[in-house]
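Chemist: As input, take model_21.txt (compact mmCIF, C-alpha atoms):
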# COMPACT_ATOMS: atom_id res chain seq x y z
CA MET M 241 -115.36 7.12 -16.39
CA ILE M 242 -117.81 6.55 -19.19
CA ALA M 243 -116.81 9.85 -20.77
CA VAL M 244 -113.12 8.95 -20.74
CA ILE M 245 -113.80 5.53 -22.26
CA GLY M 246 -115.99 7.08 -24.95
CA LEU M 247 -113.37 9.72 -25.69
CA VAL M 248 -110.58 7.15 -25.99
CA VAL M 249 -112.72 4.96 -28.26
CA GLY M 250 -113.55 8.03 -30.34
CA VAL M 251 -109.89 8.99 -30.68
CA VAL M 252 -108.93 5.46 -31.70
CA ALA M 253 -111.79 5.37 -34.19
CA GLY M 254 -110.67 8.73 -35.56
CA LEU M 255 -107.12 7.46 -35.99
CA LEU M 256 -108.31 4.32 -37.74
CA LEU M 257 -111.07 5.79 -39.92
CA GLN M 258 -109.24 9.00 -40.85
CA PRO M 259 -112.42 10.99 -41.41
CA THR M 260 -112.10 14.16 -43.48
CA VAL M 261 -113.22 17.46 -42.05
CA PRO M 262 -115.47 19.55 -44.30
CA LEU M 263 -113.58 22.41 -45.90
CA GLU M 264 -115.92 25.04 -44.43
CA LEU M 265 -114.91 24.00 -40.90
CA GLN M 266 -111.17 24.17 -41.57
CA PRO M 267 -110.62 27.74 -40.24
CA TYR M 268 -112.09 26.81 -36.86
CA LEU M 269 -110.00 23.70 -36.30
CA PRO M 270 -106.90 25.19 -34.64
CA ILE M 271 -108.87 27.06 -32.01
CA ALA M 272 -111.21 24.12 -31.48
CA VAL M 273 -108.27 21.82 -30.86
CA VAL M 274 -106.76 24.26 -28.37
CA ALA M 275 -110.12 24.45 -26.60
CA ALA M 276 -110.32 20.67 -26.53
CA LEU M 277 -106.83 20.56 -25.03
CA ASP M 278 -107.95 22.97 -22.33
CA ALA M 279 -110.93 20.77 -21.49
CA LEU M 280 -108.69 17.69 -21.44
CA PHE M 281 -106.23 19.28 -19.03
CA GLY M 282 -109.08 20.50 -16.88
CA GLY M 283 -110.53 16.99 -16.76
CA LEU M 284 -107.16 15.49 -15.89
CA ARG M 285 -106.67 17.95 -13.08
CA ALA M 286 -110.16 17.33 -11.75
CA MET M 287 -109.44 13.62 -11.85
CA LEU M 288 -106.29 14.12 -9.78
CA ASP M 289 -108.19 16.41 -7.46
CA GLY M 290 -110.72 13.64 -7.05
CA ILE M 291 -113.66 15.70 -8.20
CA PHE M 292 -113.90 14.45 -11.79
CA ASP M 293 -117.39 14.39 -13.20
CA ASP M 294 -118.37 12.91 -16.57
CA ARG M 295 -121.13 15.35 -17.19
CA VAL M 296 -119.10 18.44 -16.37
CA PHE M 297 -116.19 17.15 -18.38
CA LEU M 298 -118.25 16.51 -21.51
CA THR M 299 -120.21 19.75 -21.25
CA SER M 300 -117.08 21.80 -20.75
CA PHE M 301 -115.42 19.98 -23.64
CA LEU M 302 -118.33 20.57 -25.99
CA SER M 303 -118.98 24.15 -24.97
CA ASN M 304 -115.29 25.02 -25.13
CA VAL M 305 -115.00 23.78 -28.69
CA VAL M 306 -118.26 25.34 -29.80
CA VAL M 307 -117.60 28.70 -28.16
CA ALA M 308 -114.06 28.83 -29.51
CA ALA M 309 -115.27 28.10 -33.04
CA LEU M 310 -118.07 30.63 -32.59
CA ILE M 311 -115.62 33.33 -31.50
CA VAL M 312 -113.44 32.71 -34.53
CA PHE M 313 -116.51 32.75 -36.77
CA LEU M 314 -117.71 36.03 -35.24
CA GLY M 315 -114.23 37.50 -35.51
CA ASP M 316 -114.04 36.52 -39.15
CA GLN M 317 -117.38 38.18 -39.80
CA LEU M 318 -116.23 41.34 -38.02
CA GLY M 319 -112.82 41.37 -39.65
CA VAL M 320 -110.92 40.80 -36.41
CA GLY M 321 -110.61 37.04 -36.76
CA THR M 322 -106.88 36.81 -36.15
CA GLN M 323 -106.96 39.14 -33.15
CA LEU M 324 -109.83 37.24 -31.53
CA SER M 325 -108.06 33.96 -32.24
CA THR M 326 -105.01 35.33 -30.46
CA ALA M 327 -107.15 36.38 -27.50
CA VAL M 328 -108.71 32.93 -27.26
CA VAL M 329 -105.33 31.24 -27.52
CA VAL M 330 -103.90 33.46 -24.78
CA VAL M 331 -106.79 32.79 -22.40
CA LEU M 332 -106.89 29.07 -23.05
CA GLY M 333 -103.10 28.92 -22.95
CA ILE M 334 -103.05 30.47 -19.47
CA ARG M 335 -105.60 27.93 -18.32
CA ILE M 336 -103.74 25.02 -19.84
CA PHE M 337 -100.53 26.19 -18.22
CA SER M 338 -101.93 26.58 -14.73
CA ASN M 339 -103.81 23.29 -15.00
CA ALA M 340 -100.64 21.59 -16.17
CA ALA M 341 -98.77 23.14 -13.22
CA SER M 342 -101.43 21.83 -10.87
CA ILE M 343 -101.19 18.37 -12.44
CA ARG M 344 -97.43 18.50 -12.05
CA ARG M 345 -97.81 19.33 -8.34
CA HIS M 346 -100.14 16.37 -7.96
CA LEU M 347 -97.88 13.93 -9.73
CA PHE M 348 -94.46 14.96 -8.49
CA LYS M 349 -95.47 16.68 -5.29
CA ALA M 350 -93.31 19.61 -6.30
CA MET X 92 -119.67 34.73 -9.08
CA THR X 93 -117.92 36.61 -6.33
CA SER X 94 -119.68 34.68 -3.62
CA ARG X 95 -118.05 31.57 -4.98
CA HIS X 96 -114.65 33.06 -4.30
CA GLY X 97 -115.59 33.51 -0.71
CA ASP X 98 -115.26 37.29 -0.82
CA ALA X 99 -117.46 39.27 1.42
CA PRO X 100 -119.91 41.19 -0.76
CA GLY X 101 -119.39 44.89 -0.44
CA THR X 102 -115.66 44.92 0.29
CA ARG X 103 -113.96 46.23 -2.78
CA ARG X 104 -110.85 44.31 -3.71
CA PRO X 105 -107.75 46.29 -4.65
CA ASP X 106 -107.27 44.40 -7.88
CA ALA X 107 -110.88 44.62 -8.96
CA SER X 108 -109.91 45.86 -12.36
CA MET X 109 -107.95 42.68 -12.99
CA THR X 110 -110.77 40.30 -12.12
CA LEU X 111 -110.52 38.49 -15.41
CA ILE X 112 -106.85 37.66 -15.13
CA THR X 113 -107.01 36.91 -11.41
CA GLU X 114 -109.91 34.60 -12.08
CA PHE X 115 -107.87 32.73 -14.59
CA TYR X 116 -104.82 32.40 -12.39
CA ARG X 117 -106.64 31.51 -9.23
CA ARG X 118 -109.20 29.16 -10.61
CA PRO X 119 -108.18 27.63 -13.90
CA LEU X 120 -110.35 24.57 -13.24
CA ASP X 121 -113.92 24.69 -14.40
CA PRO X 122 -115.98 25.57 -11.28
CA GLY X 123 -118.49 23.00 -12.47
CA TYR X 124 -116.29 20.22 -11.17
CA ALA X 125 -116.35 21.64 -7.66
CA LEU X 126 -120.11 22.19 -7.86
CA ALA X 127 -120.72 18.63 -9.03
CA ALA X 128 -118.50 17.31 -6.26
CA GLU X 129 -120.41 19.37 -3.72
CA ARG X 130 -123.69 18.02 -5.05
CA ARG X 131 -122.36 14.49 -4.90
CA ALA X 132 -121.22 15.04 -1.34
CA ALA X 133 -124.68 16.32 -0.51
CA GLY X 134 -126.05 13.01 -1.79
CA GLY X 135 -128.21 14.18 -4.67
CA SER X 136 -127.31 13.04 -8.16
CA ALA X 137 -130.51 14.08 -9.85
CA PRO X 138 -129.07 16.06 -12.77
CA ARG X 139 -127.12 13.05 -14.01
CA ARG X 140 -130.31 11.23 -14.95
CA ARG X 141 -131.19 13.94 -17.39
CA PHE X 142 -128.27 12.98 -19.59
CA GLY X 143 -128.19 9.19 -19.59
CA ALA X 144 -125.11 7.01 -19.77
CA ALA X 145 -125.64 6.11 -23.43
CA GLY X 146 -126.00 9.74 -24.43
CA MET X 147 -122.82 10.64 -22.62
CA LEU X 148 -120.95 7.79 -24.25
CA ALA X 149 -122.18 8.89 -27.66
CA LEU X 150 -121.23 12.50 -26.99
CA ALA X 151 -117.78 11.44 -25.78
CA LEU X 152 -117.36 9.30 -28.90
CA VAL X 153 -118.30 12.16 -31.19
CA LEU X 154 -116.04 14.60 -29.37
CA GLY X 155 -113.07 12.22 -29.49
CA LEU X 156 -113.66 11.47 -33.13
CA GLY X 157 -114.07 15.13 -34.01
CA THR X 158 -110.96 16.22 -32.14
CA THR X 159 -108.87 13.49 -33.72
CA ALA X 160 -110.18 14.36 -37.15
CA ALA X 161 -109.45 18.04 -36.56
CA THR X 162 -105.92 17.28 -35.37
CA ALA X 163 -105.31 14.99 -38.31
CA ALA X 164 -106.64 17.62 -40.71
CA LEU X 165 -104.37 20.22 -39.14
CA ARG X 166 -101.34 18.00 -39.44
CA HIS X 167 -101.76 17.39 -43.16
CA PRO X 168 -102.58 20.71 -44.81
CA VAL X 169 -98.98 21.07 -45.98
CA GLY X 170 -99.31 17.77 -47.77
CA GLN X 171 -102.57 18.81 -49.40
CA VAL X 172 -101.10 22.10 -50.55
CA SER X 173 -98.05 20.45 -52.03
CA GLU X 174 -100.28 17.91 -53.72
CA ALA X 175 -102.39 20.63 -55.30
CA ARG X 176 -99.19 22.31 -56.37
CA ARG X 177 -97.95 19.13 -57.95
CA VAL X 178 -101.18 18.70 -59.86
CA LEU X 179 -100.94 22.26 -61.13
CA GLU X 180 -97.33 21.78 -62.11
CA SER X 181 -98.11 18.62 -64.03
CA GLN X 182 -100.96 20.46 -65.75
CA ILE X 183 -98.61 23.26 -66.74
CA THR X 184 -96.05 20.90 -68.25
CA GLU X 185 -98.80 18.90 -69.92
CA ARG X 186 -100.28 21.99 -71.55
CA GLY X 187 -96.79 23.20 -72.46
CA ASP X 188 -96.06 19.92 -74.21
CA GLU X 189 -99.38 20.11 -75.97
CA ALA X 190 -98.62 23.63 -77.15
CA ALA X 191 -95.15 22.61 -78.32
CA GLU X 192 -96.67 19.70 -80.22
CA LEU X 193 -99.22 21.94 -81.90
CA GLN X 194 -96.48 24.43 -82.70
CA GLN X 195 -94.45 21.64 -84.30
CA GLN X 196 -97.51 20.55 -86.25
CA ALA X 197 -98.02 24.10 -87.47
CA MET X 198 -94.37 24.30 -88.52
CA ASP X 199 -94.66 21.04 -90.42
CA LEU X 200 -97.79 22.20 -92.19
CA ASN X 201 -96.09 25.47 -92.98
CA LYS X 202 -93.18 23.60 -94.50
CA GLU X 203 -95.64 21.57 -96.53
CA ILE X 204 -97.28 24.75 -97.75
CA ALA X 205 -93.90 26.18 -98.67
CA ALA X 206 -93.01 23.02 -100.58
CA MET X 207 -96.31 23.10 -102.46
CA GLN X 208 -95.78 26.74 -103.24
CA ALA X 209 -92.31 26.00 -104.56
CA ASP X 210 -93.80 23.19 -106.65
CA VAL X 211 -96.35 25.45 -108.20
CA LEU X 212 -93.92 28.28 -108.77
CA GLY X 213 -91.20 25.90 -109.89
CA ALA X 214 -91.94 26.41 -113.55
CA ALA X 215 -92.20 30.14 -113.24
CA SER X 216 -88.98 30.69 -111.29
CA GLY X 217 -86.99 33.83 -111.72
CA PRO X 218 -88.36 37.16 -110.57
CA LEU X 219 -91.54 35.81 -108.94
CA ALA X 220 -89.72 33.22 -106.80
CA GLU X 221 -87.05 35.76 -105.96
CA SER X 222 -89.50 38.35 -104.75
CA LEU X 223 -91.30 35.65 -102.79
CA ALA X 224 -88.06 34.65 -101.05
CA ALA X 225 -87.24 38.26 -100.29
CA GLY X 226 -90.74 38.76 -98.94
CA ALA X 227 -90.42 35.69 -96.74
CA VAL X 228 -87.20 37.01 -95.22
CA GLU X 229 -88.76 40.39 -94.64
CA ALA X 230 -91.89 38.85 -93.13
CA GLY X 231 -89.73 36.72 -90.88
CA SER X 232 -91.44 33.50 -91.85
CA VAL X 233 -88.24 31.66 -92.82
CA ALA X 234 -85.04 31.07 -90.89
CA VAL X 235 -82.15 33.30 -91.85
CA GLU X 236 -78.42 33.30 -91.23
CA GLY X 237 -75.83 35.98 -91.45
CA ALA X 238 -73.48 38.29 -89.68
CA GLY X 239 -74.91 40.72 -87.21
CA LEU X 240 -75.05 42.24 -83.78
CA ARG X 241 -75.87 40.57 -80.50
CA VAL X 242 -77.11 42.63 -77.54
CA VAL X 243 -77.60 40.91 -74.20
CA LEU X 244 -79.68 42.67 -71.53
CA THR X 245 -79.49 41.21 -68.02
CA ASP X 246 -81.58 42.11 -64.97
CA ALA X 247 -79.64 43.96 -62.31
CA PRO X 248 -78.28 41.55 -59.67
CA SER X 249 -80.39 41.57 -56.53
CA ASP X 250 -79.74 40.14 -53.07
CA ASP X 251 -83.36 39.76 -52.13
CA PRO X 252 -85.52 38.29 -54.88
CA ASP X 253 -88.71 39.10 -52.94
CA ALA X 254 -88.14 42.82 -52.60
CA GLU X 255 -86.99 43.28 -56.13
CA ASP X 256 -87.46 46.71 -57.63
CA PRO X 257 -89.14 46.44 -61.04
CA ASP X 258 -87.00 49.36 -62.14
CA ASN X 259 -83.94 47.13 -61.86
CA ARG X 260 -85.37 44.59 -64.24
CA VAL X 261 -85.36 44.68 -68.00
CA GLN X 262 -88.83 45.83 -68.98
CA ASP X 263 -90.82 45.49 -72.14
CA ILE X 264 -90.30 49.16 -72.98
CA ASP X 265 -86.50 48.69 -72.88
CA LEU X 266 -86.71 45.84 -75.36
CA GLN X 267 -89.16 47.78 -77.52
CA VAL X 268 -86.83 50.77 -77.70
CA LEU X 269 -83.81 48.57 -78.39
CA VAL X 270 -85.60 46.62 -81.14
CA ASN X 271 -86.92 49.78 -82.77
CA GLY X 272 -83.43 51.25 -82.59
CA LEU X 273 -82.02 48.17 -84.29
CA TRP X 274 -84.65 48.31 -87.06
CA GLY X 275 -83.84 51.97 -87.47
CA ALA X 276 -80.12 51.18 -87.62
CA GLY X 277 -80.67 48.90 -90.57
CA ALA X 278 -81.26 45.45 -89.10
CA GLU X 279 -82.71 42.99 -91.57
CA ALA X 280 -83.97 40.41 -89.10
CA ILE X 281 -84.24 40.41 -85.30
CA ALA X 282 -84.88 37.70 -82.74
CA ILE X 283 -85.15 37.90 -78.96
CA ASN X 284 -84.15 34.72 -77.11
CA GLY X 285 -84.86 32.77 -80.29
CA GLN X 286 -88.25 34.41 -80.90
CA ARG X 287 -88.18 35.89 -84.36
CA LEU X 288 -89.72 39.34 -84.61
CA THR X 289 -92.11 40.07 -87.43
CA SER X 290 -94.12 43.11 -88.31
CA THR X 291 -96.96 41.86 -86.11
CA THR X 292 -94.89 40.84 -83.09
CA ALA X 293 -95.86 42.42 -79.81
CA ILE X 294 -93.40 42.96 -76.95
CA ARG X 295 -95.34 43.40 -73.76
CA SER X 296 -95.00 42.64 -70.09
CA ALA X 297 -97.21 40.44 -67.97
CA GLY X 298 -96.30 40.67 -64.33
CA SER X 299 -92.56 40.26 -64.04
CA ALA X 300 -92.21 38.45 -67.35
CA VAL X 301 -91.72 39.98 -70.75
CA LEU X 302 -93.91 38.49 -73.45
CA VAL X 303 -92.59 38.42 -76.98
CA ASP X 304 -95.31 37.18 -79.29
CA LEU X 305 -97.17 35.82 -76.24
CA VAL X 306 -94.16 33.69 -75.24
CA ALA X 307 -92.86 34.55 -71.77
CA LEU X 308 -89.13 35.22 -71.72
CA SER X 309 -86.86 35.91 -68.78
CA SER X 310 -83.50 37.51 -68.21
CA PRO X 311 -80.99 37.43 -69.83
CA TYR X 312 -82.57 38.74 -73.01
CA THR X 313 -80.43 38.08 -76.06
CA VAL X 314 -81.40 40.34 -78.95
CA GLU X 315 -79.85 39.17 -82.18
CA ALA X 316 -80.02 41.35 -85.27
CA ILE X 317 -78.73 40.43 -88.68
CA GLY X 318 -77.21 43.27 -90.64
CA ASP X 319 -74.03 45.28 -90.87
CA SER X 320 -72.85 45.20 -87.26
CA VAL X 321 -70.49 48.17 -87.57
CA THR X 322 -73.16 50.43 -89.04
CA MET X 323 -75.75 49.22 -86.57
CA GLN X 324 -73.45 49.82 -83.62
CA THR X 325 -72.62 53.37 -84.65
CA GLU X 326 -76.22 54.14 -85.54
CA LEU X 327 -77.38 52.78 -82.17
CA ALA X 328 -74.77 54.80 -80.29
CA ARG X 329 -75.84 57.96 -82.08
CA SER X 330 -79.56 57.49 -81.56
CA SER X 331 -81.61 57.83 -78.40
CA THR X 332 -81.44 54.06 -78.01
CA GLY X 333 -77.79 54.40 -77.12
CA GLN X 334 -78.68 56.91 -74.43
CA LEU X 335 -81.30 54.56 -73.04
CA LEU X 336 -78.82 51.67 -72.91
CA ALA X 337 -76.29 53.88 -71.14
CA THR X 338 -78.94 54.97 -68.62
CA LEU X 339 -79.97 51.35 -68.01
CA ARG X 340 -76.38 50.43 -67.35
CA THR X 341 -75.37 53.33 -65.12
CA THR X 342 -78.58 54.15 -63.25
CA TYR X 343 -80.29 50.79 -62.87
CA GLY X 344 -77.37 48.40 -63.02
CA ILE X 345 -78.87 46.43 -65.90
CA GLY X 346 -76.25 44.49 -67.79
CA VAL X 347 -75.86 45.63 -71.41
CA ASP X 348 -73.47 43.58 -73.46
CA MET X 349 -73.07 44.35 -77.15
CA SER X 350 -70.98 42.19 -79.44
CA SER X 351 -70.81 41.60 -83.16
CA ALA X 352 -71.18 38.05 -84.38
CA ARG X 353 -69.99 36.69 -87.67
CA ARG X 354 -72.68 34.10 -87.95
CA LEU X 355 -76.11 34.38 -86.41
CA SER X 356 -78.91 32.01 -87.27
CA LEU X 357 -82.39 33.24 -86.52
CA PRO X 358 -85.36 30.87 -86.64
CA GLY X 359 -88.40 31.59 -88.73
CA ALA X 360 -91.47 32.88 -86.99
CA GLY X 361 -93.42 30.03 -88.47
CA LEU X 362 -97.01 30.75 -89.22
CA THR X 363 -98.01 33.69 -91.28
CA ALA X 364 -101.68 34.46 -91.45
CA LEU X 365 -103.26 35.74 -94.61
CA ARG X 366 -104.92 38.95 -93.54
CA SER X 367 -105.72 40.64 -96.79
CA ALA X 368 -105.22 39.95 -100.45
CA SER X 369 -106.08 41.74 -103.64
CA VAL X 370 -105.79 41.24 -107.36
CA PRO X 371 -102.87 43.16 -108.83
CA GLU X 372 -103.72 45.74 -111.45
CA ASP X 373 -101.95 43.95 -114.29
CA ALA X 374 -103.00 40.47 -113.31
CA ARG X 375 -104.76 38.38 -115.86
CA LEU X 376 -106.85 35.64 -114.35
CA PRO X 377 -105.61 32.33 -115.73
CA GLU X 378 -107.99 29.84 -117.24
CA PRO X 379 -108.54 27.18 -114.56
CA ALA X 380 -108.27 24.23 -116.92
CA GLN X 381 -105.05 24.93 -118.80
CA ASP X 382 -103.09 26.43 -115.93
CA ALA X 383 -103.35 23.70 -113.32
CA PRO X 384 -100.37 21.33 -113.18
CA SER X 385 -102.35 18.92 -111.03
CA GLY X 386 -105.84 18.88 -109.69
CA SER X 387 -105.04 19.12 -106.00
CA VAL X 388 -103.05 22.33 -106.12
CA SER X 389 -104.99 24.10 -108.83
CA SER X 390 -106.60 26.46 -106.38
CA GLY X 391 -103.20 27.35 -104.95
CA SER X 392 -101.92 28.55 -108.29
CA ALA X 393 -104.81 30.89 -108.89
CA VAL X 394 -104.45 34.44 -107.68
CA VAL X 395 -106.37 34.84 -104.50
CA THR X 396 -109.16 37.31 -104.86
CA GLY X 397 -110.92 39.29 -102.21
CA SER X 398 -109.88 39.56 -98.61
CA ALA X 399 -109.28 36.62 -96.35
CA GLY X 400 -108.53 38.48 -93.20
CA ARG X 401 -108.09 36.83 -89.85
CA ALA X 402 -107.23 33.43 -91.25
CA GLY X 403 -105.70 31.68 -88.27
CA GLY X 404 -103.26 33.20 -85.83
CA GLY X 405 -105.94 35.60 -84.68
CA GLY X 406 -104.26 36.00 -81.33
CA ARG X 407 -101.56 38.31 -82.57
If you convert what's in this file into structure tokens, what do you get?

Modeler:
Amino acid sequence: MIAVIGLVVGVVAGLLLQPTVPLELQPYLPIAVVAALDALFGGLRAMLDGIFDDRVFLTSFLSNVVVAALIVFLGDQLGVGTQLSTAVVVVLGIRIFSNAASIRRHLFKA
Amino acid sequence: MTSRHGDAPGTRRPDASMTLITEFYRRPLDPGYALAAERRAAGGSAPRRRFGAAGMLALALVLGLGTTAATAALRHPVGQVSEARRVLESQITERGDEAAELQQQAMDLNKEIAAMQADVLGAASGPLAESLAAGAVEAGSVAVEGAGLRVVLTDAPSDDPDAEDPDNRVQDIDLQVLVNGLWGAGAEAIAINGQRLTSTTAIRSAGSAVLVDLVALSSPYTVEAIGDSVTMQTELARSSTGQLLATLRTTYGIGVDMSSARRLSLPGAGLTALRSASVPEDARLPEPAQDAPSGSVSSGSAVVTGSAGRAGGGGR
């Protein structure tokens, strides 16, 4: 639970403080946010499954964001940034969708 | 990995080549959750100690903050772009006003110079003043009025402004040919969209704009020429300029509208820069003391000697 509380406090703080993101990080933001969404949905599903774990949640969150940003960075260096971004979005999108479907089954039993 | 799926090692699955996609569909949840749950069920929670509750809270805080900041930054880029655009626009208008102000200042000073010149030459009117006036008209430094010919060139109409063919626009070369044709047909003074042409005026293109004397103009281009409109029209029609205008009209759809006007008023080009000067053969240098009507303009009355090239207006 501690991870969820920390995350919520962090989001609220972010909304209140309105921190600015350094310009060099701007290209990696969209993919990082999608990765964060994936981790969030995964955590929610795990919670409904009853196997939620703070440590796993935070590590998957962090590694998702970092790896996604790293892939975009690598793609940019190799000149295939947009294609790699698309690949990451497709993969994460599939995961988000199936996690969301699983959550839906949990909530509505349908 | 495969052992986690519960597959017997060694049996080859029929969809082995699609492992990646199957993996995603079958197990979208991070396997770590299941592992941690298993460990918890087994009773051991040793790995949790390694992290510490405070560290996890801090990490969660940072992640939440970072994600929110990223989302906020992604939501606002349009605003930032439009803000930068607004700043640039205000800078453009600011600089434009500044330039107009300086231009006005230059015009005023020019008028002052003309008045002083008239003062000095006032006594010695007659042929000298006359030739000066004629020279000013020819140089395009003063405004002139008179009957003449007006030619309006308009870009060909286009449905899609993005995919516009430069051939269908009026280009600098078209205006150059037209202006040269008009000079050749006996025009005494020419202006394009209110920009008076002088002997040092350049007509060039920069991107999609046509620059006349470094001032960007856009379609429609109104070329006004003072002179005998009937003669000019026939001369134009007979010369290659007429052919060019006909080609522009028929092939490229550029609007060419020629009309004679009874009264055209062309502005002066304003500044003239003294580029070279010399003492005439029959000039006698006046004695400084007796000649000067007043101390302040004494130097203006003396004949300028030597060359004073590139005095101002160096950009032309």

Chemist: Taking only C-alpha atoms into account and nothing else, which residues of chain X lie no more than 9 Å away from chain M? Please answer as an MDAnalysis selection string.

Modeler: chainID X and resid 112 115:121 123:125 127:129 139 142 144:145 147:165

Chemist: What separation in Å, quoted to one decimal, exists between atom CA of Met323 of chain X and atom CA of Ala230 of chain X?

Modeler: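 Separating atom CA of Met323 of chain X from atom CA of Ala230 of chain X is a distance of 20.3 Å.
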
Chemist: So how far away is atom CA of Gly237 of chain X from atom CA of Gly359 of chain X, in Å?

Modeler: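 Taking atom CA of Gly359 of chain X as the start and atom CA of Gly237 of chain X as the end point, the length is 13.6 Å.
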
Chemist: Could you tell me how far atom CA of Ser309 of chain X lies from atom CA of Val243 of chain X, in Å and to one decimal?

Modeler: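 It comes out at 11.8 Å.
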
Chemist: With only C-alpha atoms as the atoms that count, which of X:Met349, X:Leu266, X:Leu240, X:Ala360 lies nearest to Ala197 of chain X?

Modeler: X:Ala360

Chemist: Taking only C-alpha atoms into account, which of X:Arg166, X:Arg353, X:Arg287, X:Arg130 comes nearest Val228 of chain X?

Modeler: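 Selected residue with least distance to Val228 of chain X: X:Arg287.
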
Chemist: Would you please work out which residue, of X:Met109, X:Ala276, X:Leu212, X:Leu200, is nearest to Arg329 of chain X when using only C-alpha atoms?

Modeler: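 Looking only at the distances to Arg329 of chain X, the closest residue turns out to be X:Ala276.
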
Chemist: When you count all atoms listed in the file, which of these residues is closest to Leu324 of chain M: M:Ile271, M:Asn304, M:Leu256, M:Glu264?

Modeler: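 Going through M:Ile271, M:Asn304, M:Leu256, M:Glu264 one by one, the smallest distance to Leu324 of chain M is for M:Ile271.
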
Chemist: Which residue gives the smallest distance to Val312 of chain M among M:Leu288, M:Val329, M:Leu347, M:Leu280, with only C-alpha atoms counted?

Modeler: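 Checking each of M:Leu288, M:Val329, M:Leu347, M:Leu280 against Val312 of chain M, counting only C-alpha atoms, the winner is M:Val329.
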
Chemist: If you count all atoms listed in the file, which residues fall within 12 Å of Ala297 of chain X, apart from same-chain ones fewer than 2 positions away, as a ChimeraX atom specification?

Modeler: /X:262-263,294-295,299-309
